[in-house]
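Trainee: Encoded as structure tokens, here's the structure I'll be asking about.
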Amino acid sequence: MRSALPLIRVQRRLEVPRRVSAAVSAVFILLSFAVAALIFELMGVSSIATFGVIASVFTNPNLLLQAILRGLPIGLAALGLSIAFRMNFWNIGAEGQLYMGMFAATGVVLLHEYQGLIAEPLVIVFMVLASFVAGGLYCALSAALKAKMGVNEVLTTLMLNYVAILFVDFLVYGPWRDPKGFNFPLSIQFPDYARLGFVMGSPSYEGLAMLLVVAFLVYGLMRHTTLGFEMRVVGESPEVAKHAGISYAKALIIGGFISGGLAGIAGFSVVSGIIGRLRPRASPGYGYTAIIVAFLALLNPWLIIPASIFFGGLIVAGDLIQASLKLPFAAVQIFQSIIFLFIIAGEFMKRYRIIVSWR
């Protein structure tokens, strides 16, 4: 007897051609724009006007430079996440690692200003190195817990975000508060030689150069080094890695360190390139947005650059939308969230097929 209800099964696809994958991603991104337009209309705001403001960011040279600058921390964190996700290490802690990078970079400036321990020409170099190490160690902690004790990295990386954010709050409200800052929770203003733009005249130019260099290094690491090969094998199958003589723990911890280190450098770019000092809630969610960018770019280092600039442009557009259309910044965050949800849906459709049959 035939059932009145269909039998629905989900079957994994064995292989998806690159062109099909790109086409599916494009379709779902267009669908996200359509849904966002509907939401804007329901809010009583013209979707055409809203998208016009967003488009102006990428056509106006000055606004485009701002989009590049705001996309810099997103792109650096996303490049780090692309390494972790290749290993099937689900690092959700880029936001916390970014804050640890901000902490380390500010600490170097304070050591220079108050203790004179670092020479002026080396300040920005030590800021980058300290940020990389601080973010890397913060992520490596979760990687070690997973490798040695099987602790779920989603939980540890996510919870450590709040630890890092509150730790930075403690510093700027307490011992690192600027004594000449009229009691505001801010660190001292960074000197010019500790700011991005000191060499090329614009932090946006230096930021874009930094993104290109890091993307090149990440691509080279994952494609042309033994370590990158080991990390990819670990991501594909830990059992195969074990039989091939690859140390799962070593690859995971080193990969986690590099992933968190790049997120730490993203934190450096926030305090050195965008703000010029440390303050509470310095990141509007760059680390979380980096997760969207990494998936949107299919973990490809070169695609991460335009994707991060696009989301940086959305942040800039958010400021313009608030001023011109009287929409709250939450409306732009809703737009980002819709894109993320449709990207996830697109990834599901690329990896699985839904089979409906009747019995």
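The way I read the labels, and the way they are meant: chains A, B, ... in the order of the structure tokens, residue 1 as the first residue of every chain, and ligand 1 as the first ligand shown, with later ones counted on from there.
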Please report as JSON lines every residue of segment 57-122 of chain A lying within 9 Å of segment 182-192 of chain A, along with the nearest atom pair and their distance in Å (one decimal), using only C-alpha atoms.

Mentor:
```
{"residue": "A:Thr106", "atom": "CA", "partner": "A:Ser187", "partner_atom": "CA", "distance": 8.0}
{"residue": "A:Val109", "atom": "CA", "partner": "A:Phe190", "partner_atom": "CA", "distance": 7.0}
{"residue": "A:Leu110", "atom": "CA", "partner": "A:Ile188", "partner_atom": "CA", "distance": 8.1}
```

Trainee: Determine, counting only C-alpha atoms, which protein, DNA and RNA residues have an atom within 7 Å of an atom of segment 286-303 of chain A; residues of the same chain fewer than 4 positions away are not included. Present the result as a list in words.

Mentor: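 So, after excluding close chain neighbours, the residues are Pro73, Ile74, Gly75, Ala77, Ala78, Leu79, Leu81, Ser82, Ala94, Glu95, Leu98, Ala215, Val218, Tyr219, Ala307, Ser308, Phe340 and Ile343 of chain A.
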
Trainee: Can you list, as an NGL selection string, all residues belonging to segment 67-260 of chain A that DSSP tags as alpha helix (DSSP H)?

Mentor: :A and (67-86 or 94-110 or 123-149 or 153-173 or 203-224 or 226-236 or 238-243 or 248-260)

Trainee: Do a neighbour search on Ala34 of chain A at 12 Å with only C-alpha atoms, toss out local chain neighbours closer than 3 positions, and write the hits as a list in words.

Mentor: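 In the requested format, the answer is Val27, Phe28, Ile29, Leu30, Leu31, Ala37, Leu38, Ile39, Phe40, Glu41, Ser47, Ile48, Phe51, Phe335, Ile338, Ile339 and Phe342 of chain A.
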
Trainee: Grab the residues selected above and save them as a PDB file, in the first residue's frame with C-alpha atoms.

Mentor:
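Now in selection.pdb:
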```pdb
ATOM      1  CA  VAL A  27      22.302  31.937  -6.951  1.00  0.00           C
ATOM      2  CA  PHE A  28      22.059  31.816  -3.163  1.00  0.00           C
ATOM      3  CA  ILE A  29      23.797  35.188  -2.778  1.00  0.00           C
ATOM      4  CA  LEU A  30      21.283  36.710  -5.196  1.00  0.00           C
ATOM      5  CA  LEU A  31      18.478  35.110  -3.189  1.00  0.00           C
ATOM      6  CA  ALA A  37      15.224  43.790  -0.148  1.00  0.00           C
ATOM      7  CA  LEU A  38      11.904  42.415   1.086  1.00  0.00           C
ATOM      8  CA  ILE A  39      12.895  43.032   4.705  1.00  0.00           C
ATOM      9  CA  PHE A  40      13.958  46.616   3.927  1.00  0.00           C
ATOM     10  CA  GLU A  41      10.591  47.238   2.249  1.00  0.00           C
ATOM     11  CA  SER A  47      15.339  48.758  -0.941  1.00  0.00           C
ATOM     12  CA  ILE A  48      16.506  50.543  -4.095  1.00  0.00           C
ATOM     13  CA  PHE A  51      21.233  49.182  -2.221  1.00  0.00           C
ATOM     14  CA  PHE A 335      21.720  41.898   5.901  1.00  0.00           C
ATOM     15  CA  ILE A 338      20.892  36.782   5.789  1.00  0.00           C
ATOM     16  CA  ILE A 339      23.900  36.402   3.487  1.00  0.00           C
ATOM     17  CA  PHE A 342      22.016  31.624   2.483  1.00  0.00           C
TER      18      PHE A 342
END
```

Trainee: Would you mind telling me which residue in A:Ala23, A:Val16, A:Leu327, A:Val125 lies nearest to Tyr352 of chain A when using only C-alpha atoms?

Mentor: A:Val16

Trainee: Please report the interatomic distance between atom CA of Gly261 of chain A and atom CA of Phe126 of chain A in Å with one decimal.

Mentor: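 One can read the atom CA of Gly261 of chain A to atom CA of Phe126 of chain A distance as 13.7 Å.
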
Trainee: So that I can see what lies close to Ile258 of chain A, please list as an mmCIF file with C-alpha atoms, in the first residue's frame the residues with an atom at most 10 Å from it, counting only C-alpha atoms and leaving out residues fewer than 4 positions away in the same chain.

Mentor:
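Wrote it out as result_30.cif, contents follow:
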```
data_model
loop_
_atom_site.group_PDB
_atom_site.id
_atom_site.type_symbol
_atom_site.label_atom_id
_atom_site.label_comp_id
_atom_site.auth_asym_id
_atom_site.auth_seq_id
_atom_site.Cartn_x
_atom_site.Cartn_y
_atom_site.Cartn_z
ATOM 1 C CA LEU A 79 42.711 33.896 6.037
ATOM 2 C CA GLY A 80 43.520 32.402 9.419
ATOM 3 C CA LEU A 81 40.148 30.671 9.601
ATOM 4 C CA ILE A 83 43.620 27.249 7.537
ATOM 5 C CA ALA A 84 41.693 26.014 10.563
ATOM 6 C CA PHE A 132 50.654 37.070 16.017
ATOM 7 C CA VAL A 133 52.053 35.226 19.038
ATOM 8 C CA GLY A 135 46.478 35.320 18.965
ATOM 9 C CA GLY A 136 48.295 32.127 18.024
ATOM 10 C CA LEU A 137 48.754 30.936 21.588
ATOM 11 C CA CYS A 139 43.932 29.515 19.542
ATOM 12 C CA ALA A 140 46.583 26.837 20.115
ATOM 13 C CA VAL A 218 48.721 31.182 3.188
ATOM 14 C CA LEU A 252 46.406 20.583 14.641
ATOM 15 C CA ILE A 253 48.300 22.638 17.207
ATOM 16 C CA ILE A 254 50.618 24.281 14.665
ATOM 17 C CA LEU A 262 46.574 35.754 11.716
ATOM 18 C CA ALA A 263 43.476 36.715 13.696
ATOM 19 C CA GLY A 264 45.847 38.352 16.177
#
```

Trainee: List the spatial neighbours of segment 200-214 of chain A as number ranges by chain - criterion: any atom at most 6 Å away, only C-alpha atoms, same-chain residues fewer than 4 positions off excluded.

Mentor: A: 65, 68-69, 72, 196, 273

Trainee: Write out as number ranges by chain the residues lying within 10 Å of Met222 of chain A, counting only C-alpha atoms and excluding same-chain residues fewer than 2 positions away.

Mentor: A: 82-83, 86, 217-220, 224-232, 301

Trainee: Would you output that residue set with N, CA and C atoms, as an mmCIF file, in the first residue's frame?

Mentor:
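Printed below is out-v6.cif as written:
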```cif
data_model
loop_
_atom_site.group_PDB
_atom_site.id
_atom_site.type_symbol
_atom_site.label_atom_id
_atom_site.label_comp_id
_atom_site.auth_asym_id
_atom_site.auth_seq_id
_atom_site.Cartn_x
_atom_site.Cartn_y
_atom_site.Cartn_z
ATOM 1 N N SER A 82 40.597 30.115 7.270
ATOM 2 C CA SER A 82 40.655 29.187 6.135
ATOM 3 C C SER A 82 41.613 28.039 6.422
ATOM 4 N N ILE A 83 42.676 28.313 7.169
ATOM 5 C CA ILE A 83 43.620 27.249 7.537
ATOM 6 C C ILE A 83 42.970 26.305 8.521
ATOM 7 N N ARG A 86 40.246 24.154 6.926
ATOM 8 C CA ARG A 86 40.811 23.106 6.074
ATOM 9 C C ARG A 86 41.156 21.862 6.888
ATOM 10 N N LEU A 217 51.185 34.048 1.284
ATOM 11 C CA LEU A 217 51.840 33.148 2.230
ATOM 12 C C LEU A 217 50.937 31.976 2.611
ATOM 13 N N VAL A 218 49.655 32.254 2.830
ATOM 14 C CA VAL A 218 48.721 31.182 3.188
ATOM 15 C C VAL A 218 48.575 30.201 2.025
ATOM 16 N N TYR A 219 48.446 30.735 0.810
ATOM 17 C CA TYR A 219 48.340 29.865 -0.363
ATOM 18 C C TYR A 219 49.594 29.003 -0.503
ATOM 19 N N GLY A 220 50.760 29.619 -0.355
ATOM 20 C CA GLY A 220 52.012 28.863 -0.456
ATOM 21 C C GLY A 220 52.137 27.818 0.627
ATOM 22 N N HIS A 224 52.150 24.268 -1.090
ATOM 23 C CA HIS A 224 53.520 23.944 -1.516
ATOM 24 C C HIS A 224 54.461 23.627 -0.353
ATOM 25 N N THR A 225 53.940 23.295 0.798
ATOM 26 C CA THR A 225 54.804 22.911 1.915
ATOM 27 C C THR A 225 54.344 21.588 2.504
ATOM 28 N N THR A 226 55.256 20.911 3.155
ATOM 29 C CA THR A 226 54.930 19.639 3.808
ATOM 30 C C THR A 226 53.917 19.853 4.924
ATOM 31 N N LEU A 227 54.112 20.928 5.685
ATOM 32 C CA LEU A 227 53.183 21.219 6.774
ATOM 33 C C LEU A 227 51.769 21.434 6.242
ATOM 34 N N GLY A 228 51.637 22.196 5.158
ATOM 35 C CA GLY A 228 50.321 22.422 4.578
ATOM 36 C C GLY A 228 49.679 21.127 4.103
ATOM 37 N N PHE A 229 50.490 20.253 3.494
ATOM 38 C CA PHE A 229 49.977 18.953 3.055
ATOM 39 C C PHE A 229 49.478 18.143 4.249
ATOM 40 N N GLU A 230 50.249 18.130 5.331
ATOM 41 C CA GLU A 230 49.846 17.398 6.527
ATOM 42 C C GLU A 230 48.546 17.951 7.108
ATOM 43 N N MET A 231 48.402 19.274 7.115
ATOM 44 C CA MET A 231 47.183 19.862 7.656
ATOM 45 C C MET A 231 45.979 19.518 6.798
ATOM 46 N N ARG A 232 46.162 19.482 5.474
ATOM 47 C CA ARG A 232 45.057 19.117 4.592
ATOM 48 C C ARG A 232 44.665 17.656 4.766
ATOM 49 N N PRO A 301 42.255 31.588 -0.438
ATOM 50 C CA PRO A 301 42.900 32.819 0.049
ATOM 51 C C PRO A 301 42.716 34.015 -0.873
#
```

Trainee: Interatomic distance between atom CA of Lys146 of chain A and atom CA of Lys350 of chain A?

Mentor: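 According to the coordinates, atom CA of Lys146 of chain A and atom CA of Lys350 of chain A are separated by 28.3 Å.
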
Trainee: My list of candidates is A:Ala130, A:Ala331, A:Leu42, A:Ala317. Which is closest to Arg70 of chain A when distances are computed with only C-alpha atoms?

Mentor: A:Ala317

Trainee: Report, in Å to a single decimal, how far apart atom CA of Ala266 of chain A and atom CA of Leu76 of chain A are.

Mentor: 5.3 Å

Trainee: So, counting only C-alpha atoms, which residue among A:Ile304, A:Phe89, A:Leu129, A:Lys326 is closest to Gly150 of chain A?

Mentor: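 Under the stated criterion, the closest residue is A:Phe89.
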